[in-house]
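See below for protein-v2.txt, which holds compact mmCIF, C-alpha atoms and all ligand atoms.
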# COMPACT_ATOMS: atom_id res chain seq x y z
CA MET A 89 0.00 0.00 0.00
CA VAL A 90 1.21 3.49 -0.84
CA ILE A 91 -0.05 6.63 0.91
CA ILE A 92 0.70 9.96 -0.72
CA MET A 93 0.45 12.89 1.66
CA GLU A 94 -0.88 16.26 0.52
CA LYS A 95 1.64 18.92 -0.43
CA GLY A 96 2.80 20.79 2.66
CA THR A 97 1.20 18.41 5.19
CA SER A 98 2.45 19.07 8.71
CA GLU A 99 4.98 16.75 10.27
CA SER A 100 2.62 16.01 13.16
CA LEU A 101 -0.10 14.72 10.79
CA ILE A 102 2.42 12.50 9.02
CA GLU A 103 3.72 11.21 12.36
CA ARG A 104 0.17 10.45 13.52
CA ILE A 105 -0.47 8.23 10.49
CA ILE A 106 2.88 6.49 10.85
CA GLU A 107 2.23 5.81 14.55
CA LYS A 108 -1.22 4.39 13.87
CA LEU A 109 0.04 2.02 11.17
CA ASP A 110 3.02 1.05 13.29
CA LYS A 111 0.69 0.18 16.19
CA ASP A 112 -1.34 -1.97 13.79
CA GLY A 113 1.81 -3.97 13.05
CA PHE A 114 2.89 -2.54 9.68
CA ASP A 115 6.37 -1.47 8.61
CA ILE A 116 6.46 2.02 7.13
CA HIS A 117 8.97 3.21 4.55
CA ARG A 118 8.92 6.95 4.30
CA SER A 119 10.28 8.90 1.37
CA THR A 120 10.32 12.65 1.63
CA GLY A 121 10.23 14.31 -1.78
CA VAL A 122 10.37 18.00 -2.73
CA ASP A 123 6.56 18.22 -2.92
CA HIS A 124 5.12 15.11 -1.38
CA THR A 125 5.87 12.70 1.41
CA ILE A 126 5.10 9.13 0.41
CA LEU A 127 4.54 6.32 2.88
CA GLY A 128 4.99 2.72 1.80
CA VAL A 129 3.03 0.37 4.05
CA ILE A 130 4.53 -3.11 4.22
CA GLY A 131 2.82 -6.12 5.78
CA ASN A 132 -0.53 -7.85 5.34
CA THR A 133 -2.31 -4.81 3.90
CA SER A 134 -5.41 -6.78 2.94
CA ARG A 135 -6.52 -5.82 6.48
CA LEU A 136 -6.51 -2.15 5.47
CA ASP A 137 -9.40 -0.35 3.82
CA VAL A 138 -8.07 1.93 1.07
CA ARG A 139 -11.05 4.27 1.41
CA ASP A 140 -10.45 4.77 5.16
CA LEU A 141 -6.90 5.79 4.40
CA GLN A 142 -7.93 8.10 1.56
CA LEU A 143 -10.24 9.95 3.93
CA MET A 144 -7.62 10.60 6.60
CA GLN A 145 -6.62 14.19 7.16
CA GLY A 146 -3.55 15.18 5.10
CA VAL A 147 -3.80 12.20 2.72
CA ALA A 148 -3.88 13.06 -1.01
CA ASP A 149 -4.24 9.48 -2.21
CA ALA A 150 -3.78 5.86 -1.17
CA TYR A 151 -3.63 2.80 -3.40
CA ARG A 152 -2.56 -0.82 -3.36
CA ILE A 153 0.57 -1.99 -5.16
CA THR A 154 -0.57 -4.94 -7.22
CA ALA A 155 2.90 -6.44 -7.87
CA PRO A 156 4.14 -9.00 -5.30
CA TYR A 157 7.32 -6.94 -4.93
CA LYS A 158 6.48 -3.57 -3.38
CA LEU A 159 9.44 -1.33 -2.54
CA VAL A 160 11.22 -2.49 -5.68
CA SER A 161 8.32 -1.61 -7.98
CA ARG A 162 7.68 1.43 -10.16
CA GLU A 163 4.24 1.60 -8.57
CA PHE A 164 5.96 2.45 -5.29
CA LYS A 165 8.47 4.87 -6.79
CA SER A 166 7.95 6.21 -10.29
CA HIS A 167 11.33 7.90 -10.83
CA ASP A 168 14.65 6.08 -11.29
CA THR A 169 16.75 5.42 -8.19
CA THR A 170 20.19 6.97 -8.47
CA PHE A 171 23.02 6.99 -5.96
CA LYS A 172 26.64 8.03 -5.94
CA ILE A 173 29.80 6.32 -4.75
CA LYS A 174 32.71 8.74 -4.83
CA ASP A 175 31.95 10.70 -8.03
CA VAL A 176 30.30 7.80 -9.86
CA GLU A 177 26.54 7.92 -10.29
CA PHE A 178 24.60 4.66 -10.63
CA GLY A 179 21.19 4.59 -12.29
CA GLY A 180 21.69 7.96 -14.01
CA SER A 181 22.44 8.91 -17.60
CA GLU A 182 26.02 7.61 -17.59
CA THR A 183 26.50 3.97 -18.59
CA VAL A 184 28.91 2.87 -15.87
CA VAL A 185 31.40 0.13 -16.73
CA MET A 186 32.79 -2.28 -14.14
CA ALA A 187 35.81 -4.24 -15.31
CA GLY A 188 38.56 -6.46 -13.98
CA PRO A 189 39.61 -10.08 -13.63
CA CYS A 190 37.33 -12.89 -12.52
CA SER A 191 39.65 -13.61 -9.56
CA ILE A 192 42.22 -11.52 -7.77
CA GLU A 193 45.39 -13.59 -8.28
CA SER A 194 48.18 -11.38 -6.91
CA LYS A 195 48.89 -7.77 -6.00
CA GLU A 196 50.72 -7.27 -9.30
CA GLN A 197 47.93 -8.81 -11.38
CA ILE A 198 45.08 -6.73 -9.92
CA THR A 199 47.20 -3.54 -10.02
CA ARG A 200 48.20 -4.02 -13.67
CA ILE A 201 44.62 -4.73 -14.75
CA ALA A 202 43.20 -1.85 -12.68
CA GLU A 203 45.53 0.59 -14.44
CA LYS A 204 44.50 -0.69 -17.87
CA VAL A 205 40.73 -0.64 -17.32
CA ALA A 206 40.85 2.79 -15.66
CA LYS A 207 42.69 4.16 -18.72
CA SER A 208 39.92 2.88 -20.99
CA GLY A 209 37.18 4.57 -18.96
CA ALA A 210 36.02 1.91 -16.47
CA LYS A 211 34.78 3.49 -13.25
CA VAL A 212 34.56 0.37 -11.11
CA LEU A 213 37.13 -2.39 -10.50
CA ARG A 214 35.72 -5.92 -10.26
CA GLY A 215 37.52 -8.99 -8.92
CA GLY A 216 36.71 -11.96 -6.71
CA ALA A 217 38.46 -12.79 -3.43
CA PHE A 218 35.92 -15.47 -2.50
CA LYS A 219 34.99 -17.50 -5.57
CA PRO A 220 31.85 -19.63 -6.05
CA ARG A 221 33.41 -22.56 -7.96
CA THR A 222 31.55 -25.55 -9.32
CA SER A 223 34.37 -27.82 -8.13
CA PRO A 224 35.66 -27.77 -4.55
CA TYR A 225 39.13 -28.52 -5.99
CA SER A 226 39.22 -25.34 -8.13
CA PHE A 227 40.88 -22.11 -6.91
CA GLN A 228 38.67 -20.66 -4.18
CA GLY A 229 40.12 -17.13 -4.00
CA LEU A 230 42.79 -15.28 -2.02
CA GLY A 231 40.38 -14.18 0.73
CA GLU A 232 41.27 -11.16 2.84
CA GLU A 233 44.73 -10.83 1.29
CA GLY A 234 43.02 -10.42 -2.09
CA LEU A 235 40.68 -7.78 -0.69
CA GLN A 236 43.69 -5.76 0.50
CA TYR A 237 45.40 -5.92 -2.90
CA MET A 238 42.21 -4.93 -4.64
CA ARG A 239 41.42 -1.99 -2.34
CA GLU A 240 44.91 -0.61 -2.90
CA ALA A 241 44.65 -1.01 -6.67
CA ALA A 242 41.20 0.62 -6.76
CA ASP A 243 42.40 3.59 -4.70
CA LYS A 244 45.56 3.99 -6.76
CA PHE A 245 43.55 4.46 -9.98
CA ASN A 246 40.54 6.21 -8.43
CA LEU A 247 38.15 3.31 -9.07
CA VAL A 248 35.12 2.21 -7.08
CA MET A 249 35.50 -1.41 -5.87
CA ILE A 250 33.04 -4.30 -6.22
CA THR A 251 33.60 -7.85 -4.98
CA GLU A 252 31.49 -10.87 -4.20
CA VAL A 253 30.42 -11.95 -0.73
CA MET A 254 29.40 -15.62 -0.53
CA ASP A 255 27.81 -15.93 2.88
CA LYS A 256 26.55 -14.08 5.92
CA GLU A 257 29.74 -14.65 7.90
CA GLN A 258 31.85 -12.80 5.30
CA ILE A 259 29.73 -9.62 5.18
CA ALA A 260 31.46 -7.69 7.99
CA LEU A 261 34.95 -8.46 6.69
CA VAL A 262 34.25 -7.63 3.04
CA GLU A 263 32.42 -4.43 4.02
CA GLU A 264 35.68 -3.12 5.48
CA TYR A 265 37.22 -3.15 2.02
CA THR A 266 34.63 -2.88 -0.71
CA ASP A 267 32.30 -0.12 -1.95
CA ILE A 268 29.72 -2.45 -3.51
CA ILE A 269 28.81 -6.00 -2.48
CA GLN A 270 28.19 -8.48 -5.30
CA VAL A 271 25.68 -11.28 -4.76
CA GLY A 272 26.49 -14.12 -7.15
CA ALA A 273 23.95 -15.87 -9.32
CA ARG A 274 24.15 -18.98 -7.15
CA ASN A 275 23.17 -16.99 -4.08
CA MET A 276 20.30 -14.93 -5.44
CA GLN A 277 17.75 -17.01 -3.54
CA ASN A 278 19.78 -17.65 -0.40
CA PHE A 279 17.15 -15.86 1.63
CA THR A 280 18.86 -15.70 5.03
CA PHE A 281 21.92 -14.23 3.29
CA ILE A 282 20.10 -11.63 1.21
CA ARG A 283 17.95 -10.69 4.20
CA ALA A 284 21.16 -9.95 6.12
CA LEU A 285 22.31 -7.69 3.25
CA GLY A 286 19.25 -5.55 3.90
CA LYS A 287 21.11 -4.35 7.00
CA SER A 288 24.31 -3.47 5.11
CA LYS A 289 25.21 0.14 4.42
CA LYS A 290 26.82 -0.84 1.09
CA PRO A 291 24.97 -0.98 -2.24
CA ILE A 292 24.20 -4.53 -3.39
CA PHE A 293 24.86 -5.79 -6.94
CA LEU A 294 22.29 -8.56 -7.34
CA LYS A 295 23.07 -10.99 -10.12
CA ARG A 296 20.18 -12.87 -11.65
CA GLY A 297 20.01 -16.51 -10.55
CA ILE A 298 20.99 -19.15 -13.10
CA ALA A 299 17.38 -20.34 -13.38
CA ALA A 300 15.51 -17.39 -11.90
CA THR A 301 12.47 -15.79 -13.46
CA ILE A 302 12.35 -12.00 -13.57
CA GLU A 303 9.73 -12.00 -10.82
CA GLU A 304 11.87 -14.19 -8.54
CA TRP A 305 14.80 -11.83 -9.13
CA LEU A 306 12.69 -8.80 -8.20
CA MET A 307 11.44 -10.61 -5.08
CA SER A 308 15.06 -11.18 -4.00
CA ALA A 309 15.68 -7.44 -4.27
CA GLU A 310 12.56 -6.91 -2.16
CA TYR A 311 14.24 -8.87 0.68
CA ILE A 312 17.11 -6.37 0.62
CA LEU A 313 14.99 -3.21 0.35
CA SER A 314 12.55 -4.34 3.02
CA GLY A 315 15.52 -4.79 5.37
CA GLY A 316 16.34 -1.09 4.97
CA ASN A 317 19.01 -1.08 2.23
CA GLN A 318 17.53 0.86 -0.70
CA ASN A 319 20.56 0.68 -3.00
CA VAL A 320 20.32 -2.42 -5.16
CA ILE A 321 21.63 -2.81 -8.71
CA PHE A 322 20.26 -5.66 -10.84
CA CYS A 323 22.64 -7.54 -13.12
CA GLU A 324 21.49 -9.77 -15.98
CA ARG A 325 24.26 -12.39 -16.39
CA GLY A 326 22.59 -15.02 -18.52
CA ILE A 327 20.27 -17.86 -17.59
CA ARG A 328 20.36 -21.58 -18.22
CA THR A 329 18.32 -22.71 -21.20
CA PHE A 330 18.38 -25.73 -23.54
CA GLU A 331 21.06 -23.94 -25.59
CA THR A 332 24.57 -25.19 -24.81
CA TYR A 333 26.64 -23.27 -27.39
CA THR A 334 27.10 -20.40 -24.97
CA ARG A 335 27.79 -20.82 -21.24
CA ASN A 336 24.45 -19.13 -20.49
CA THR A 337 21.74 -17.51 -22.58
CA MET A 338 21.93 -13.77 -22.11
CA ASP A 339 18.42 -12.41 -21.70
CA ILE A 340 18.74 -8.94 -23.22
CA SER A 341 14.98 -8.40 -22.96
CA ALA A 342 15.27 -8.58 -19.16
CA ILE A 343 16.98 -5.16 -19.27
CA PRO A 344 14.02 -3.07 -20.53
CA ILE A 345 11.55 -5.33 -18.69
CA VAL A 346 13.16 -4.81 -15.28
CA GLN A 347 13.59 -1.11 -16.02
CA LYS A 348 9.85 -0.91 -16.62
CA LEU A 349 8.91 -2.90 -13.52
CA SER A 350 11.43 -1.36 -11.13
CA HIS A 351 13.05 2.00 -10.38
CA LEU A 352 16.42 0.36 -9.56
CA PRO A 353 19.46 0.40 -11.92
CA VAL A 354 19.91 -2.55 -14.30
CA PHE A 355 23.37 -3.72 -15.46
CA ALA A 356 24.42 -6.55 -17.77
CA ASP A 357 27.35 -8.98 -17.68
CA PRO A 358 28.18 -10.21 -21.20
CA SER A 359 31.19 -12.19 -19.91
CA HIS A 360 29.26 -14.74 -17.84
CA GLY A 361 26.33 -14.17 -20.19
CA THR A 362 28.21 -15.86 -23.05
CA GLY A 363 31.36 -17.48 -21.63
CA ILE A 364 33.09 -16.87 -24.97
CA ARG A 365 35.61 -14.04 -25.43
CA ASN A 366 34.66 -13.13 -28.99
CA LYS A 367 30.97 -12.91 -28.09
CA VAL A 368 31.49 -10.43 -25.25
CA ILE A 369 31.79 -7.25 -27.34
CA PRO A 370 28.68 -7.91 -29.49
CA MET A 371 26.59 -8.68 -26.40
CA ALA A 372 27.97 -5.63 -24.60
CA ARG A 373 26.84 -3.54 -27.57
CA ALA A 374 23.40 -5.17 -27.42
CA ALA A 375 23.04 -4.54 -23.68
CA VAL A 376 23.98 -0.88 -24.04
CA ALA A 377 21.61 -0.50 -26.99
CA ALA A 378 18.84 -2.06 -24.86
CA GLY A 379 19.39 0.73 -22.33
CA ALA A 380 21.43 -0.94 -19.56
CA HIS A 381 22.61 1.47 -16.85
CA GLY A 382 25.99 -0.25 -16.92
CA LEU A 383 28.10 -3.28 -17.73
CA MET A 384 30.27 -5.73 -15.84
CA VAL A 385 33.09 -7.13 -17.99
CA GLU A 386 35.90 -9.57 -17.20
CA VAL A 387 39.32 -8.34 -18.37
CA HIS A 388 42.69 -10.10 -17.96
CA ASP A 389 46.08 -9.25 -19.43
CA GLN A 390 47.14 -12.93 -19.45
CA PRO A 391 43.86 -14.80 -19.85
CA ASP A 392 45.64 -18.05 -20.78
CA LYS A 393 47.12 -18.08 -17.29
CA ALA A 394 43.98 -16.89 -15.47
CA VAL A 395 42.92 -19.10 -12.55
CA SER A 396 39.26 -18.69 -13.50
CA ASP A 397 37.19 -17.62 -16.51
CA GLY A 398 40.16 -16.93 -18.82
CA ALA A 399 38.17 -18.07 -21.87
CA GLN A 400 35.66 -15.25 -21.45
CA SER A 401 38.09 -12.54 -20.33
CA LEU A 402 38.88 -9.74 -22.78
CA TYR A 403 42.45 -8.62 -23.43
CA PRO A 404 42.93 -4.98 -22.37
CA ASP A 405 43.06 -3.92 -26.05
CA GLN A 406 39.72 -5.57 -26.69
CA PHE A 407 38.30 -3.83 -23.64
CA GLU A 408 39.47 -0.50 -25.05
CA GLU A 409 37.66 -1.39 -28.29
CA LEU A 410 34.50 -2.33 -26.38
CA MET A 411 34.52 1.06 -24.66
CA ASN A 412 35.02 2.89 -27.97
CA GLN A 413 32.08 1.07 -29.52
CA ILE A 414 29.63 1.46 -26.65
CA ARG A 415 30.39 5.20 -26.45
CA VAL A 416 28.89 5.58 -29.91
CA ILE A 417 25.87 3.39 -29.11
CA ALA A 418 25.16 5.08 -25.77
CA ASN A 419 25.23 8.43 -27.53
CA VAL A 420 22.45 7.36 -29.92
CA ILE A 421 20.06 6.75 -27.01
CA GLY A 422 20.99 9.89 -25.09
CA ARG A 423 23.37 8.23 -22.64
CA LYS A 424 27.11 8.61 -22.16
CA VAL A 425 30.19 6.52 -21.36
CA ALA A 426 33.33 7.89 -19.70
CA GLU A 427 36.19 8.83 -22.04
CA SER A 428 39.51 6.96 -22.23
CA LYS A 429 42.41 8.72 -20.53
C1 LIG B 1 31.66 -13.57 -11.22
O1 LIG B 1 31.24 -12.42 -11.36
O2 LIG B 1 32.87 -13.87 -11.34
C2 LIG B 1 30.68 -14.66 -10.98
C3 LIG B 1 31.03 -15.79 -10.38
O3 LIG B 1 29.46 -14.37 -11.46
P1 LIG B 1 28.07 -15.19 -11.42
O4 LIG B 1 27.65 -15.24 -9.98
O5 LIG B 1 27.17 -14.38 -12.28
O6 LIG B 1 28.34 -16.56 -11.99
MN MN B 2 33.95 -15.03 -13.43

Translate the structure described by the file into structure tokens.
Amino acid sequence: MVIIMEKGTSESLIERIIEKLDKDGFDIHRSTGVDHTILGVIGNTSRLDVRDLQLMQGVADAYRITAPYKLVSREFKSHDTTFKIKDVEFGGSETVVMAGPCSIESKEQITRIAEKVAKSGAKVLRGGAFKPRTSPYSFQGLGEEGLQYMREAADKFNLVMITEVMDKEQIALVEEYTDIIQVGARNMQNFTFIRALGKSKKPIFLKRGIAATIEEWLMSAEYILSGGNQNVIFCERGIRTFETYTRNTMDISAIPIVQKLSHLPVFADPSHGTGIRNKVIPMARAAVAAGAHGLMVEVHDQPDKAVSDGAQSLYPDQFEELMNQIRVIANVIGRKVAESK
């Protein structure tokens, strides 16, 4: 349920409504806009009579949100959510590019790659210190040591940092280092974990589950927003279908669909989306043309030696080419991509 207060309603009237709903056992999410204060009522709202609410003093309108996800929906908030980390805006008119290796392998490796991607216009450094591997015998990540190397590299080249957290126990540690927390595809429906991320102060990059429908993905974001963390970025990274040529089937249509259903930023990951190096640039172009707010791309300067995902990692020169191409495409739809340095 959404309650829109009349323009200029007094604080005491707003407080009175909040108190009443709180006493009745509802959670209230308040957003104070320039003109209107909007109250999102969360809980079993079938007990509420919309007409009673509409008639309350100071209320301009009240209506039910029909979607099963509430805070995430456009019905709850019609304008795009934007937020800034350092000087980088997410969800705005700049198509933000996150780039870096799949795994942090050494201080030298992450520093070299950070320098290259920053030069080409990436604003965010990606890299995994805790890796979700299909095999327990594969490289599992450098852990905290990796986080330290990555933080230093990000700071050295003025990049925002994103890295994956795999479980609840790692949240506090990773939060000390990173700017954005990545939730991997395999964890999208780990509900106790994503509920805990609702209490984090860091933005959450929520990858789409390997077999998740769009609605399930939006519901996972609802867990995070309803816990109090309003800064979630969706990332389409390909889903499993009957097609085996590519590692996953990248669902480009999910980008405009989620942008229509939700006010939150939507990114795309053509690296995991295809699993094939020479398919990454075309799918990056497609995602930008579809209106993605940003991309996540795996880049490695020695992909043959990479401990994970070398086959889908772009060489730095190819990444430079990707950036040059998406600049032109973004321009056509009134968006922009940072220049190379
Ligand atoms: C990754 O970003 O390296 C990763 C493991 O992604 P996903 O969770 O989408 O597979
Ligand atoms: Mn990877």

Exercise. Using all atoms listed in the file, which of the listed residues (A:Gln228, A:Ser428, A:Gln347, A:Asn132) sits closest to ligand MN 2 (chain B)?
Worked result: A:Gln228

Residues of chain A that have any atom at most 7 Å from an atom of ligand MN 2 (chain B): could you tabulate them with the shortest-distance atom pair and the distance in Å to one decimal, using all atoms listed in the file, ordered by chain and increasing number, as a Markdown table?
| residue | atom | partner | partner_atom | distance |
| --- | --- | --- | --- | --- |
| A:Cys190 | CA | B:MN2 | MN | 4.1 |
| A:His360 | CA | B:MN2 | MN | 6.4 |
| A:Glu386 | CA | B:MN2 | MN | 6.9 |
| A:Ser396 | CA | B:MN2 | MN | 6.4 |
| A:Asp397 | CA | B:MN2 | MN | 5.2 |

Exercise. How would you write, as a list in words, the set of residues no farther than 6 Å from ligand LIG 1 (chain B) when counting only C-alpha atoms and all ligand atoms?
Worked result: Cys190, Pro220, Gly272, Ala273, Arg274, Lys295, Arg325 and His360 of chain A

For this session: Rounded to one decimal place, report the atom CA of Lys174 of chain A-atom CA of Pro189 of chain A distance in Å.
Result: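 Straight-line distance from atom CA of Lys174 of chain A to atom CA of Pro189 of chain A works out to 21.9 Å.
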
For this session: Between atom CA of Asn275 of chain A and atom CA of Asn366 of chain A, measure the distance and give it in Å to one decimal.
Result: 27.7 Å

Exercise. Nearest to Thr97 of chain A: which of A:Gly216, A:Gly361, A:Gly146, A:Gly209 is it, counting all atoms listed in the file?
Worked result: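 Once distances to Thr97 of chain A are computed over all atoms listed in the file, the minimum belongs to A:Gly146.
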
For this session: Take atom CA of Ile192 of chain A and atom CA of Lys172 of chain A and report the distance between them in Å, one decimal.
Result: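 According to the coordinates, atom CA of Ile192 of chain A and atom CA of Lys172 of chain A are separated by 25.1 Å.
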
Problem set entry | Best match for closeness to Val271 of chain A among A:Val320, A:Ile369, A:Leu235, A:Ala299, counting all atoms listed in the file |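 So, comparing all the options, the nearest one is A:Val320.
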
Exercise. So which one's closest to Lys165 of chain A, A:Lys111, A:Arg335, A:Arg200, A:His351? Using all atoms listed in the file, please.
Worked result: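 Answer, going by the shortest atom-to-atom distance: A:His351.
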
N, CA and C atoms modelled onto segment 270-286 of chain A, as a short mmCIF file (atom, residue, chain, number, x, y, z; two decimals), keeping the file's coordinate frame:
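Writing the result to part-v9.cif gives the following:
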data_model
loop_
_atom_site.label_atom_id
_atom_site.label_comp_id
_atom_site.auth_asym_id
_atom_site.auth_seq_id
_atom_site.Cartn_x
_atom_site.Cartn_y
_atom_site.Cartn_z
N GLN A 270 28.80 -7.68 -4.22
CA GLN A 270 28.19 -8.48 -5.30
C GLN A 270 27.58 -9.74 -4.71
N VAL A 271 26.33 -10.01 -5.11
CA VAL A 271 25.68 -11.28 -4.76
C VAL A 271 25.71 -12.11 -6.03
N GLY A 272 26.34 -13.27 -5.97
CA GLY A 272 26.49 -14.12 -7.15
C GLY A 272 25.18 -14.79 -7.53
N ALA A 273 25.16 -15.22 -8.79
CA ALA A 273 23.95 -15.87 -9.32
C ALA A 273 23.50 -17.04 -8.45
N ARG A 274 24.49 -17.79 -7.94
CA ARG A 274 24.15 -18.98 -7.15
C ARG A 274 23.56 -18.65 -5.78
N ASN A 275 23.66 -17.40 -5.39
CA ASN A 275 23.17 -16.99 -4.08
C ASN A 275 21.91 -16.13 -4.12
N MET A 276 21.41 -15.88 -5.33
CA MET A 276 20.30 -14.93 -5.44
C MET A 276 19.10 -15.31 -4.57
N GLN A 277 18.90 -16.60 -4.38
CA GLN A 277 17.75 -17.01 -3.54
C GLN A 277 18.20 -17.64 -2.22
N ASN A 278 19.36 -17.24 -1.74
CA ASN A 278 19.78 -17.65 -0.40
C ASN A 278 19.17 -16.61 0.55
N PHE A 279 17.97 -16.91 1.00
CA PHE A 279 17.15 -15.86 1.63
C PHE A 279 17.70 -15.35 2.96
N THR A 280 18.32 -16.22 3.77
CA THR A 280 18.86 -15.70 5.03
C THR A 280 20.03 -14.75 4.73
N PHE A 281 20.78 -15.07 3.70
CA PHE A 281 21.92 -14.23 3.29
C PHE A 281 21.44 -12.88 2.75
N ILE A 282 20.51 -12.92 1.81
CA ILE A 282 20.10 -11.63 1.21
C ILE A 282 19.31 -10.79 2.21
N ARG A 283 18.63 -11.45 3.15
CA ARG A 283 17.95 -10.69 4.20
C ARG A 283 18.99 -9.93 5.03
N ALA A 284 20.09 -10.60 5.33
CA ALA A 284 21.16 -9.95 6.12
C ALA A 284 21.73 -8.75 5.37
N LEU A 285 21.76 -8.81 4.04
CA LEU A 285 22.31 -7.69 3.25
C LEU A 285 21.40 -6.46 3.31
N GLY A 286 20.17 -6.68 3.70
CA GLY A 286 19.25 -5.55 3.90
C GLY A 286 19.72 -4.64 5.01
#
